[in-house]
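S.K.: The structure's right below; bear with me while I get my questions together.
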Amino acid sequence: MNKTMKAFIVAIAAMGIVRFILDVNGVPKDVVKYFSMTALLIIGSVYFAIVTESHKERLKDSFFLVMPYMVIEVIALSYTWATGYQTIFHAAEYSMGTSIPVHTLGHLIGGFTWEPLIVFAQMELAWGIYTGGRSLLRPKTTPA
């Protein structure tokens with residue numbers, strides 16, 4: 001794992017902690033929603049889609065990017081589950097109408113299965129667009 005990946009992991013986790021702290025301290029959800037772990041995850045996935053050299057590395061990086069997100073989500077949802085205090089992490093627009101136990105377990109299971117695989121698929125798409133665009137824009141050279 002390189003320094004850039006470590007920085008993204010720390011940034012995603014820190015953003016989630018800030019989001020949680022703001023929410024439980026009564027900052028309006030219309031403000032808290034802009035402290036987005038998802039935005040950092042998207043930025044990281046595009047970056048690593050371009051700089052990694054293999055599909056295997058992108059798959060591994062997708063798991064690294066999802067792990068801090070999943071950990072914060074599960075902790076925040078567990079807090080809501082244990083205390084009954086509604087947080088932004090279980091707001092209607094994020095919970096898809098599920099109960100708090102289903103939402104929490106969904107993130108716990110999803111964090112190790114479909115969530116990283118979806119990020120991987122998005123990274124592969126970004127890599128394909130980048131690689132295809134680069135090959136189209138690269139000047140053709142012919143031997144003299």
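Residue numbering restarts at 1 in every chain; chains get A, B, ... in the order shown in the structure tokens, and ligands count up from 1 in that same order.
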Could the residues of segment 15-112 of chain A that have an atom at most 6 Å from segment 117-136 of chain A be listed as a Markdown table, each with its closest atom pair and the distance in Å to one decimal, counting only C-alpha atoms and ordered by chain and ascending residue number?
M.R.:
```
| residue | atom | partner | partner_atom | distance |
| --- | --- | --- | --- | --- |
| A:Ser45 | CA | A:Met123 | CA | 5.7 |
| A:Ala49 | CA | A:Met123 | CA | 4.8 |
| A:Ile50 | CA | A:Trp127 | CA | 5.5 |
| A:Leu59 | CA | A:Phe120 | CA | 5.4 |
| A:Ser62 | CA | A:Phe120 | CA | 5.3 |
```
S.K.: Please dump the current selection as an mmCIF file, in the first residue's frame; keep C-alpha atoms.
M.R.:
```
data_model
loop_
_atom_site.group_PDB
_atom_site.id
_atom_site.type_symbol
_atom_site.label_atom_id
_atom_site.label_comp_id
_atom_site.auth_asym_id
_atom_site.auth_seq_id
_atom_site.Cartn_x
_atom_site.Cartn_y
_atom_site.Cartn_z
ATOM 1 C CA SER A 45 -11.399 5.560 -7.292
ATOM 2 C CA ALA A 49 -8.187 3.740 -11.789
ATOM 3 C CA ILE A 50 -5.712 5.841 -13.756
ATOM 4 C CA LEU A 59 -9.545 -4.691 -7.317
ATOM 5 C CA SER A 62 -11.317 -0.835 -4.395
#
```
S.K.: List as number ranges by chain the protein and nucleic acid residues near Met5 of chain A, meaning an atom at most 9 Å away when only C-alpha atoms are counted, but skip any in the same chain fewer than 5 places from it.
M.R.: A: 10, 44, 48, 61, 64-65
S.K.: Could you state the separation of atom CA of Val46 of chain A and atom CA of Leu137 of chain A in Å, given to one decimal place?
M.R.: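 Atom CA of Leu137 of chain A lies at a distance of 19.4 Å from atom CA of Val46 of chain A.
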S.K.: I'd like the neighbourhood of Ala7 of chain A as a list in words, where a residue qualifies if any of its atoms comes within 12 Å (using only C-alpha atoms), though same-chain residues fewer than 3 positions away should be ignored.
M.R.: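 In the requested form, the answer reads Met1, Asn2, Lys3, Thr4, Val10, Ala11, Ile12, Ala13, Ala14, Met15, Leu40, Leu41, Gly44, Phe64, Leu65 and Pro68 of chain A.
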S.K.: Keeping only C-alpha atoms, write those residues as a short mmCIF file (atom, residue, chain, number, x, y, z; two decimals), in the first residue's frame.
M.R.:
```cif
data_model
loop_
_atom_site.label_atom_id
_atom_site.label_comp_id
_atom_site.auth_asym_id
_atom_site.auth_seq_id
_atom_site.Cartn_x
_atom_site.Cartn_y
_atom_site.Cartn_z
CA MET A 1 0.00 0.00 0.00
CA ASN A 2 1.48 3.33 -1.05
CA LYS A 3 1.39 6.71 0.71
CA THR A 4 -1.37 8.05 -1.51
CA VAL A 10 -7.23 8.51 6.45
CA ALA A 11 -9.16 11.22 4.58
CA ILE A 12 -12.25 9.02 4.09
CA ALA A 13 -12.23 7.94 7.74
CA ALA A 14 -11.64 11.50 8.98
CA MET A 15 -14.48 12.81 6.82
CA LEU A 40 -13.62 11.24 -1.44
CA LEU A 41 -14.20 7.61 -2.41
CA GLY A 44 -9.86 8.11 -4.97
CA PHE A 64 -8.89 -0.38 0.50
CA LEU A 65 -11.07 2.59 -0.48
CA PRO A 68 -12.78 3.10 5.99
#
```
S.K.: Any idea what's packed within 12 Å of Thr87 of chain A, counting only C-alpha atoms, ignoring anything in its chain fewer than 2 positions away? Could you give it as a PyMOL selection string?
M.R.: chain A and resi 19-29+32-33+73+75-85+89-95+100
S.K.: Using only C-alpha atoms, which of A:Met96, A:Leu108, A:Ile88, A:Met67 sits nearest Tyr34 of chain A?
M.R.: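 Of all the options, A:Ile88 lies closest to Tyr34 of chain A.
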S.K.: So which residues of chain A fall under helix (DSSP H, G or I) by DSSP, listed as an NGL selection string?
M.R.: :A and (3-24 or 29-32 or 37-51 or 55-83 or 88-90 or 92-95 or 100-110 or 114-137)
